[in-house]
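First comes the structure, then the notes that go with it.
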Amino acid sequence: MLSLAASGLPARLSAQERNAVIEGAKREGRVNFANSASAPNFPQFIQAFTARYPFIDATTGLYSAPAGRVLARVDAELKARALTFDVLHVANLAPYLAMSQRGQLLGYRSPELDAYPPEASDRDQWAIARIVGVIMAYNRNILPSEKAPKAWADMLSPEFKGRKLVIQDSAAGTSFNQMYLLEKRLGADFMRRWGQQEPVIVSTAAQLIDMLVRGEALVGATVDHFRAFDPDAVKAGIVGVYPSEGMPLATAPVAIFKDAPNPNAARLLVDFTLSAEGQTLLNTEIFKVYSMRRGVAPPAGQMPLDQTKPMLPQDLQDYERASRRFPETFDRYFKA
């Protein structure tokens, strides 16, 4: 693991050092941002950052794509020792753990982290910028509320056996986080019995919601929580269920590369991302998801985060190992 001493930079910056960062960012004049932010109005976030720091070009070096594609490009550049990116933000914690172990991330503790709980960052290598909860959902026009599941264990009821449940496949990062955390909490036997329910497996969250809307499945069992509260989904009868055992979280960290060509501008982008303004814009307004920053309200209609019994991985090394073998684990439970 990269130490702060090895990075050559202090974890916290004094006022003098902070001014030096700003002056350095002015000289750099740009920041190159690789991210998996797919929301159509994500450019509003970039515009707000450049309004705060008009001397930084954050558009020319912006690369937004699905997480797998972003990581493939980053990996190729790192292997070629030709890194063009400064900051990484994808909805998958595992690669950050691997890159940190390889010494590829810059040790930097943003002053904004004082407003976050300890579990929101790890040794100044990365900080959680977005979180997506995984819950259940059903269509009230198809399934009466009194028959809808209230707990993860309720999915094992005989009435939900035989393609009555719908789940996302192993390519979905949120599915990995959910299944990893539920296996830790409820055990391998729970996962085995869930697979024996013969759920329908789809490749996207949109397909999952569409099946519920059309009545082709009774319960969505791997639902990115914000999708259950989308106005169109609610209008169609979709109801989100926060399971009583807790809500697994999938995290989207932000980090700076050790060899970032514009490290000072990168620090300012990370600071803005983690600020109250950045978190409100990115999470509450653009993505309609939760923030781990204290004082940032949840989007309208969503339960406060601390009331959801949020579930995060406790052993990050075990989590990283499990992520590498997740396709095989998924197939063992759901495609046997």
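Chain identifiers are assigned as A, B, and so on, following the order in which chains appear in the structure tokens; residues are numbered from 1 within each chain, and ligands are numbered from 1 in order of appearance.
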
Requested in this report: Pick out each residue of range 8-221 of chain A that DSSP on the backbone tags as strand (DSSP E or B); I need them as an MDAnalysis selection string.
Outcome: chainID A and resid 30 33:35 57 62:64 87:89 105 121:122 126:139 165:168 200:202 219:221

With N, CA and C atoms retained, export the selected residues as a compact mmCIF listing (two decimals), in the first residue's frame.
# COMPACT_ATOMS: atom_id res chain seq x y z
N ARG A 30 -5.52 22.77 -16.67
CA ARG A 30 -6.49 21.77 -17.10
C ARG A 30 -6.48 20.60 -16.13
N PHE A 33 -10.21 14.04 -16.60
CA PHE A 33 -11.11 13.35 -15.68
C PHE A 33 -11.73 12.13 -16.36
N ALA A 34 -11.35 10.93 -15.91
CA ALA A 34 -11.93 9.68 -16.42
C ALA A 34 -13.03 9.24 -15.47
N ASN A 35 -14.23 9.01 -15.98
CA ASN A 35 -15.35 8.71 -15.10
C ASN A 35 -16.40 7.87 -15.80
N ASP A 57 -9.37 24.11 -17.43
CA ASP A 57 -10.15 23.49 -18.50
C ASP A 57 -10.46 22.05 -18.07
N LEU A 62 -12.09 15.49 -20.55
CA LEU A 62 -13.16 14.72 -19.91
C LEU A 62 -13.43 13.45 -20.72
N TYR A 63 -13.41 12.30 -20.03
CA TYR A 63 -13.71 11.02 -20.69
C TYR A 63 -14.74 10.28 -19.87
N SER A 64 -15.95 10.17 -20.40
CA SER A 64 -17.05 9.49 -19.72
C SER A 64 -17.46 8.27 -20.54
N VAL A 87 -7.64 12.22 -12.64
CA VAL A 87 -8.62 11.82 -11.63
C VAL A 87 -9.48 10.68 -12.18
N LEU A 88 -9.79 9.72 -11.31
CA LEU A 88 -10.64 8.59 -11.67
C LEU A 88 -11.88 8.58 -10.79
N HIS A 89 -13.04 8.37 -11.42
CA HIS A 89 -14.30 8.25 -10.67
C HIS A 89 -15.18 7.24 -11.40
N LEU A 105 -1.89 5.25 -6.87
CA LEU A 105 -2.72 6.37 -6.45
C LEU A 105 -1.92 7.34 -5.59
N SER A 121 -13.41 6.86 3.36
CA SER A 121 -12.12 6.94 2.68
C SER A 121 -11.19 5.90 3.27
N ASP A 122 -10.06 5.69 2.59
CA ASP A 122 -9.10 4.70 3.05
C ASP A 122 -7.69 5.21 2.88
N TRP A 126 -8.33 7.10 -1.60
CA TRP A 126 -9.56 7.36 -2.32
C TRP A 126 -10.63 7.79 -1.33
N ALA A 127 -11.68 8.41 -1.84
CA ALA A 127 -12.81 8.81 -1.01
C ALA A 127 -14.09 8.53 -1.78
N ILE A 128 -15.12 8.15 -1.07
CA ILE A 128 -16.40 7.80 -1.71
C ILE A 128 -17.15 9.06 -2.10
N ALA A 129 -17.39 9.21 -3.40
CA ALA A 129 -18.06 10.40 -3.92
C ALA A 129 -19.54 10.17 -4.18
N ARG A 130 -19.92 8.93 -4.46
CA ARG A 130 -21.33 8.58 -4.69
C ARG A 130 -21.59 7.20 -4.11
N ILE A 131 -22.80 6.97 -3.68
CA ILE A 131 -23.19 5.63 -3.25
C ILE A 131 -24.58 5.30 -3.80
N VAL A 132 -24.71 4.05 -4.23
CA VAL A 132 -26.00 3.55 -4.71
C VAL A 132 -26.41 2.40 -3.81
N GLY A 133 -27.58 2.52 -3.22
CA GLY A 133 -28.11 1.43 -2.42
C GLY A 133 -28.77 0.40 -3.31
N VAL A 134 -28.82 -0.84 -2.84
CA VAL A 134 -29.51 -1.91 -3.58
C VAL A 134 -30.69 -2.37 -2.73
N ILE A 135 -31.88 -2.28 -3.31
CA ILE A 135 -33.10 -2.60 -2.59
C ILE A 135 -33.95 -3.54 -3.45
N MET A 136 -35.18 -3.77 -3.03
CA MET A 136 -36.16 -4.52 -3.82
C MET A 136 -37.23 -3.56 -4.32
N ALA A 137 -38.00 -4.01 -5.31
CA ALA A 137 -39.10 -3.21 -5.81
C ALA A 137 -40.17 -4.13 -6.39
N TYR A 138 -41.38 -3.62 -6.44
CA TYR A 138 -42.49 -4.36 -7.04
C TYR A 138 -43.46 -3.36 -7.65
N ASN A 139 -44.41 -3.87 -8.41
CA ASN A 139 -45.44 -3.04 -9.04
C ASN A 139 -46.73 -3.21 -8.25
N LEU A 165 -39.00 -13.64 -9.66
CA LEU A 165 -38.03 -12.61 -9.29
C LEU A 165 -37.22 -12.24 -10.52
N VAL A 166 -36.70 -11.02 -10.56
CA VAL A 166 -35.81 -10.60 -11.65
C VAL A 166 -34.58 -9.95 -11.03
N ILE A 167 -33.39 -10.33 -11.54
CA ILE A 167 -32.12 -9.81 -11.02
C ILE A 167 -31.23 -9.37 -12.18
N GLN A 168 -30.26 -8.53 -11.88
CA GLN A 168 -29.25 -8.16 -12.87
C GLN A 168 -28.14 -9.20 -12.87
N VAL A 200 -35.39 -14.58 -13.09
CA VAL A 200 -35.06 -14.11 -14.43
C VAL A 200 -33.80 -13.25 -14.31
N ILE A 201 -32.86 -13.44 -15.24
CA ILE A 201 -31.61 -12.68 -15.21
C ILE A 201 -31.57 -11.75 -16.41
N VAL A 202 -31.39 -10.45 -16.15
CA VAL A 202 -31.32 -9.45 -17.22
C VAL A 202 -29.99 -8.72 -17.14
N VAL A 219 -41.16 -9.31 -8.46
CA VAL A 219 -40.26 -8.56 -7.57
C VAL A 219 -38.91 -8.36 -8.24
N GLY A 220 -38.44 -7.13 -8.25
CA GLY A 220 -37.07 -6.84 -8.64
C GLY A 220 -36.20 -7.02 -7.41
N ALA A 221 -35.22 -7.90 -7.51
CA ALA A 221 -34.44 -8.27 -6.32
C ALA A 221 -33.05 -7.64 -6.28

Query - 10 Å contact set for Arg52 in chain A, only C-alpha atoms, chain neighbours under 6 positions out, as JSON, numbers by chain - result: {"A": [46, 268, 272]}

Query raised in the report: Which of these, A:Gln47, A:Asn141, A:Ser38, A:Thr251, has the shortest distance to Gly278 in chain A once you count only C-alpha atoms?
Result: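 Using only C-alpha atoms, Gly278 in chain A sits closest to A:Gln47.
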
Requested in this report: Select, from A:Gly162, A:Pro117, A:Gly240, A:Gly246, the residue with the minimum atom-to-atom distance to Gln178 in chain A, counting only C-alpha atoms.
Outcome: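 Result for the nearest residue to Gln178 in chain A: A:Gly246.
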